[in-house]
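Heads up, the thing below is written out as structure tokens.
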Amino acid sequence: MKQKLLYLALLCIVILAFSSLASAETDPIVCTMEISPSALSEPGNVTVTITISNSGDTDMTKPLTLFDPTSQVVTDFGTNGSVTLKAGEVKTWTGTWSVNQRTLENGQIVFFVKYTLVDEDGVSKSKSQPIRGEIGKTNISSKVTVTRTIVPETAYEGQTVNVIYDIVNEGNVPIKNLALEENKDILASKLTIAQELKAGETAQVKLPVVMGKKDLTSKASFTYTIADGTEVQTYEIDEKVITYGEPAVLVKLASDTKGVLMNEIVKLTLEVENTGNIDYTDVRVTDPTLGDVFTNLTLPAGEKLTLEKEIPLTQSTDYQFEVLATDNSGTQNSFLSNVLSLVAVDPAKALTLSLTLSANKTEVYSTKDTVRFTATVANTSEADATNVKVYQANTEIASFESIPAGQSRTFTRDVTLSMAGKYQLRAEAADTLENTLMFESNILQIAFLVPTAAPVTPDPRITPTPEPTFAKATYPKISDPDIGTLPKLLRTFFYPLMIAGFGLLVAALAILIVATGKRANLRKASENALDHLERSNHRDYAAEADAQEEQIHREPAEDEAYPAPPESPDDYLSEEELPHMKYVRNAYQIAGKGAKRNGQPEPYPETEEPEYYPEDEPAWNPQQDRDAEENPYQRRSERVSPYARQSGSADQTGEAQQDDYTDDPT
């Protein structure tokens, strides 16, 4: 039983093997992968190359699609990641893939393709095939390869020899501080090539040297460090001798300038001299950039060829012509010229100067007249101009060490002209290529004229000069930018103060006018008050003021008659006199009237006043007071005035009584 089961299992295995072989034979799609580098010491980028071919005899009817390990379509494979392969067709894809730590530990990178096959019966089957590439994990290692090339290895005197080094980092880690030390014949000091050269990167160093009359020796030593290490690694290049040769043909290449603006023309001059005794035929001159420059030339012994070629310079280029010549034996010989480096300058960075000339007069009347010339040199380019010189003809009249971009320089010269004519200046300056550029100014015409003689008699036809007209002067506003800061500050602070001062002045004048009017009114009222103060036709100084007013304003009884007006106009008080003067005047008037009645002279106050004795005054008579009350216009002698008592008194009838003036003083 066990034996039968064993036979059955073997039969199944054979059947499965044959079926797998059959299916493999029927799948025409073959995929392979190559990885570079094949090993990494840490995660990084690798270059993956996948090749897919249709090994069958039938074209694919449906497209094949390539997927990366993250199941994303590789879009730059075919058309959007898909191709339709014909029978026997091969499609290759190369790209960069970033290997992570997990992929590095698994040791393989897996891409896959999906496609559809149609069998002989027309049945479509979807297929998926993985594409595996092995990636190994290694320790840090470095490998540097250096290749030296010397062109030419045999050189003539004055010929340029180029020593070229190509450095390749073939390790899996970057190298740092890469430097070169060459023999003193080739390089005077140590040269730093790169601060870092990553794995797989390359670098090139070109060392030109001019051949003298002896051999040159080249021997190089490269130093570097691995990754972040501090140990210095050394790579040595064996010694190589560059032989000095006696040339039979000398080739020299030159140009009319070291450089020009882009797309401008440069004229190249090639001199080929045969110093030997052999004639050369089928001479041909070629250049790696220009191709065949000159052809079908002959160079007999002892002769020299001078050839010129104009070329447009589109970019900075190094030119080295090679002369191929066949000697009498039919051997072709090669002779190299020196290397000529030409620089193409961007027009935006070209040096451009503008020279402007002017004069204070264009006409002179004698050789003693002085003309002042003014010249301005402006740098209108983006590059600085150095060592600028200005000439008039061949005479240098001004120089400037430097004129920066966008700036200008101006100078004047007073000149006594010896002749009339055209005058023009010329400026010369060196550009960045050390080419001397010339810039000319405008032309000024200076003429000599004979002065016009003054007329002997005035010409009546001369029109007099019109009177000058005057225009109203205008003043800029305070906001004008030409007005200084100080005037603006003064106006800002003092203008409002001035307006306030004028306002206060007007207010003061108004107050003064109002005060003056009030003062006049007060003065008038005061004068009116003085005129009406205690003014009454009857004044009794012995009675109280209230009693007097009551007596004066007492209305008469029904049986009392109104008093008669005074008999004499002198009894009326004058409104134009002061109040006290009417009492004095009345006293004198009363005294005078009494004197006249008695036939005595009228007394005057300027005589010595008599003494007043109270006993001389008459006794009080009540009847008199009653009479006075009955007639308020009757004056009472005892109450008129002190002056009245001294000069005289009035009786009840109103007549003045004469005082008793005798020689006896008593």
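Order determines the names: the first chain of the structure tokens is A, the second B, and so forth; residues in each chain are numbered 1 upward, and ligands are numbered 1 upward as they are shown.
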
Expected answer as a PyMOL selection string: strand (DSSP E) residues in region 99-251 of chain A: chain A and resi 99+108-118+124-134+136-137+144-151+154-155+160-169+175-182+191-197+202-210+216-226+232-244+249-251

When you look at region 97-102 of chain A with a cut-off of 10 Å (counting only C-alpha atoms), what residues show up, excluding the ones that are within fewer than 4 positions of it in the same chain? I need them as a PyMOL selection string. chain A and resi 35+40+42-48+68-69+106-109+135

7 Å contact set for Ile443 (chain A), only C-alpha atoms, chain neighbours under 3 positions out, as a JSON list (two decimals) with N, CA and C atoms, in the first residue's frame:
```
[["chain", "number", "residue", "atom", "x", "y", "z"],
["A", 422, "LYS", "N", 37.39, 121.72, -36.95],
["A", 422, "LYS", "CA", 36.55, 120.78, -36.23],
["A", 422, "LYS", "C", 37.38, 120.15, -35.11],
["A", 423, "TYR", "N", 36.73, 120.02, -33.95],
["A", 423, "TYR", "CA", 37.42, 119.47, -32.79],
["A", 423, "TYR", "C", 36.61, 118.28, -32.26],
["A", 424, "GLN", "N", 37.33, 117.22, -31.95],
["A", 424, "GLN", "CA", 36.71, 115.98, -31.48],
["A", 424, "GLN", "C", 37.66, 115.29, -30.51]]
```

What parts of region 88-211 of chain A does DSSP call helix (DSSP H, G or I)? I'd like the answer as an MDAnalysis selection string. chainID A and resid 101:106

What does the distance from CA of Ala301 (chain A) to CA of Glu273 (chain A) come to in Å, to one decimal? 8.7 Å

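We find CA of Thr432 (chain A) and CA of Ala348 (chain A) to be spaced 13.0 Å apart.
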
Quick one: everything within 9 Å of region 50-58 of chain A, counting only C-alpha atoms, minus sequence neighbours fewer than 2 positions away in the same chain. Send it as a PyMOL selection string. chain A and resi 26-35+48+60-61+85-95+111+131

I need the chosen residues saved as a short mmCIF file (atom, residue, chain, number, x, y, z; two decimals), in the first residue's frame, with N, CA, C and O atoms.
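The resulting file, again_5.cif, is shown below:
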```
data_model
loop_
_atom_site.label_atom_id
_atom_site.label_comp_id
_atom_site.auth_asym_id
_atom_site.auth_seq_id
_atom_site.Cartn_x
_atom_site.Cartn_y
_atom_site.Cartn_z
N THR A 26 5.62 27.84 -23.41
CA THR A 26 4.60 28.59 -24.12
C THR A 26 4.61 30.08 -23.80
O THR A 26 3.97 30.85 -24.50
N ASP A 27 5.35 30.56 -22.71
CA ASP A 27 5.40 31.99 -22.36
C ASP A 27 6.57 32.63 -23.11
O ASP A 27 7.75 32.37 -22.81
N PRO A 28 6.29 33.47 -24.10
CA PRO A 28 7.37 34.03 -24.91
C PRO A 28 8.07 35.25 -24.27
O PRO A 28 9.07 35.73 -24.80
N ILE A 29 7.55 35.81 -23.16
CA ILE A 29 8.09 37.05 -22.56
C ILE A 29 9.25 36.68 -21.64
O ILE A 29 9.09 35.90 -20.69
N VAL A 30 10.44 37.24 -21.96
CA VAL A 30 11.65 36.99 -21.17
C VAL A 30 12.12 38.33 -20.59
O VAL A 30 12.30 39.30 -21.33
N CYS A 31 12.37 38.35 -19.25
CA CYS A 31 12.76 39.60 -18.56
C CYS A 31 14.05 39.37 -17.79
O CYS A 31 14.23 38.33 -17.13
N THR A 32 14.94 40.34 -17.87
CA THR A 32 16.20 40.30 -17.11
C THR A 32 16.44 41.67 -16.48
O THR A 32 15.92 42.70 -16.94
N MET A 33 17.27 41.71 -15.39
CA MET A 33 17.58 42.95 -14.68
C MET A 33 19.06 43.00 -14.33
O MET A 33 19.65 41.98 -13.92
N GLU A 34 19.63 44.19 -14.48
CA GLU A 34 21.01 44.44 -14.06
C GLU A 34 21.01 45.63 -13.10
O GLU A 34 20.32 46.63 -13.34
N ILE A 35 21.82 45.53 -12.03
CA ILE A 35 21.89 46.57 -11.00
C ILE A 35 23.32 47.05 -10.88
O ILE A 35 24.26 46.23 -10.79
N VAL A 48 19.20 50.79 -12.31
CA VAL A 48 18.53 49.54 -12.68
C VAL A 48 18.31 49.53 -14.19
O VAL A 48 17.79 50.49 -14.75
N MET A 60 2.49 40.45 -30.03
CA MET A 60 1.53 40.69 -28.96
C MET A 60 0.43 41.61 -29.47
O MET A 60 0.67 42.58 -30.19
N THR A 61 -0.78 41.25 -29.09
CA THR A 61 -1.92 42.06 -29.51
C THR A 61 -2.34 43.05 -28.43
O THR A 61 -3.07 44.00 -28.72
N LEU A 85 4.93 44.42 -27.83
CA LEU A 85 6.12 43.85 -28.46
C LEU A 85 5.72 42.95 -29.63
O LEU A 85 4.81 42.10 -29.52
N LYS A 86 6.44 43.15 -30.69
CA LYS A 86 6.29 42.24 -31.83
C LYS A 86 7.17 41.01 -31.61
O LYS A 86 7.98 40.96 -30.68
N ALA A 87 7.03 40.07 -32.44
CA ALA A 87 7.84 38.84 -32.33
C ALA A 87 9.30 39.18 -32.49
O ALA A 87 9.71 39.82 -33.47
N GLY A 88 10.12 38.78 -31.51
CA GLY A 88 11.55 39.03 -31.54
C GLY A 88 11.97 40.42 -31.10
O GLY A 88 13.17 40.74 -31.07
N GLU A 89 11.02 41.32 -30.74
CA GLU A 89 11.35 42.70 -30.34
C GLU A 89 11.82 42.74 -28.89
O GLU A 89 11.32 42.00 -28.03
N VAL A 90 12.79 43.65 -28.63
CA VAL A 90 13.38 43.81 -27.29
C VAL A 90 13.21 45.27 -26.86
O VAL A 90 13.46 46.19 -27.65
N LYS A 91 12.79 45.45 -25.62
CA LYS A 91 12.62 46.80 -25.06
C LYS A 91 13.42 46.91 -23.77
O LYS A 91 13.32 46.03 -22.90
N THR A 92 14.22 48.01 -23.66
CA THR A 92 15.10 48.19 -22.50
C THR A 92 14.72 49.47 -21.76
O THR A 92 14.44 50.50 -22.39
N TRP A 93 14.74 49.39 -20.46
CA TRP A 93 14.47 50.56 -19.61
C TRP A 93 15.59 50.70 -18.58
O TRP A 93 16.02 49.71 -17.97
N THR A 94 16.09 51.94 -18.42
CA THR A 94 17.15 52.23 -17.44
C THR A 94 16.70 53.39 -16.58
O THR A 94 16.26 54.44 -17.09
N GLY A 95 16.80 53.19 -15.28
CA GLY A 95 16.39 54.23 -14.35
C GLY A 95 17.10 54.09 -13.02
O GLY A 95 17.89 53.17 -12.80
N PHE A 111 11.03 44.13 -9.62
CA PHE A 111 10.06 44.77 -10.49
C PHE A 111 9.17 43.65 -11.05
O PHE A 111 9.50 42.46 -10.95
N ILE A 131 10.49 40.43 -11.95
CA ILE A 131 11.85 40.65 -12.48
C ILE A 131 12.73 40.95 -11.28
O ILE A 131 12.59 42.00 -10.64
#
```

Env of Gly81 (chain A): 12 Å cut, atoms = only C-alpha atoms, seq-sep filter 3 positions within chain, self excluded. Answer as a ChimeraX atom specification. /A:63-68,72-78,84,91-93,112-115

May I have the residues within 10 Å of Tyr319 (chain A) as JSON, numbers by chain, using only C-alpha atoms and disregarding those fewer than 5 positions away in the same chain? {"A": [253, 254, 268, 287, 288, 289, 290, 337, 338, 339, 340, 341, 342]}

Min atom-atom distance to Lys206 (chain A) from the set A:Ile167, A:Leu117, A:Ile237, A:Ala430, counting only C-alpha atoms, belongs to A:Ile167

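With distances restricted to only C-alpha atoms, A:Glu181 is the closest residue to Ala220 (chain A) from A:Leu207, A:Glu181, A:Val283, A:Leu250.
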
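The gap separating CA of Ile150 (chain A) from CA of Asn277 (chain A) is 28.9 Å, in Å to one decimal.
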
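If you count only C-alpha atoms and ignore residues fewer than 3 places along the chain from Asn442 (chain A), what sits within 8 Å of it is Leu355, Thr356, Leu357, Gln424 and Leu425 of chain A.
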
Could you turn the residues from that selection into a file that holds N, CA, C and O atoms, as a PDB file, in the first residue's frame?
```pdb
ATOM      1  N   LEU A 355      30.964 109.721 -24.727  1.00  0.00           N
ATOM      2  CA  LEU A 355      31.799 110.912 -24.587  1.00  0.00           C
ATOM      3  C   LEU A 355      31.079 112.091 -25.234  1.00  0.00           C
ATOM      4  O   LEU A 355      30.790 112.069 -26.438  1.00  0.00           O
ATOM      5  N   THR A 356      30.792 113.115 -24.441  1.00  0.00           N
ATOM      6  CA  THR A 356      30.073 114.301 -24.907  1.00  0.00           C
ATOM      7  C   THR A 356      30.979 115.516 -24.768  1.00  0.00           C
ATOM      8  O   THR A 356      31.555 115.739 -23.697  1.00  0.00           O
ATOM      9  N   LEU A 357      31.069 116.324 -25.835  1.00  0.00           N
ATOM     10  CA  LEU A 357      31.945 117.492 -25.862  1.00  0.00           C
ATOM     11  C   LEU A 357      31.106 118.740 -26.122  1.00  0.00           C
ATOM     12  O   LEU A 357      30.224 118.743 -26.991  1.00  0.00           O
ATOM     13  N   GLN A 424      37.327 117.219 -31.954  1.00  0.00           N
ATOM     14  CA  GLN A 424      36.714 115.980 -31.484  1.00  0.00           C
ATOM     15  C   GLN A 424      37.661 115.289 -30.507  1.00  0.00           C
ATOM     16  O   GLN A 424      38.889 115.296 -30.697  1.00  0.00           O
ATOM     17  N   LEU A 425      37.086 114.688 -29.457  1.00  0.00           N
ATOM     18  CA  LEU A 425      37.868 113.958 -28.460  1.00  0.00           C
ATOM     19  C   LEU A 425      37.683 112.459 -28.648  1.00  0.00           C
ATOM     20  O   LEU A 425      36.709 112.002 -29.249  1.00  0.00           O
TER      21      LEU A 425
END
```

Of A:Asn394, A:Gln129, A:Gln159, A:Ser221, the one sitting nearest Val209 (chain A) when using only C-alpha atoms is A:Gln159
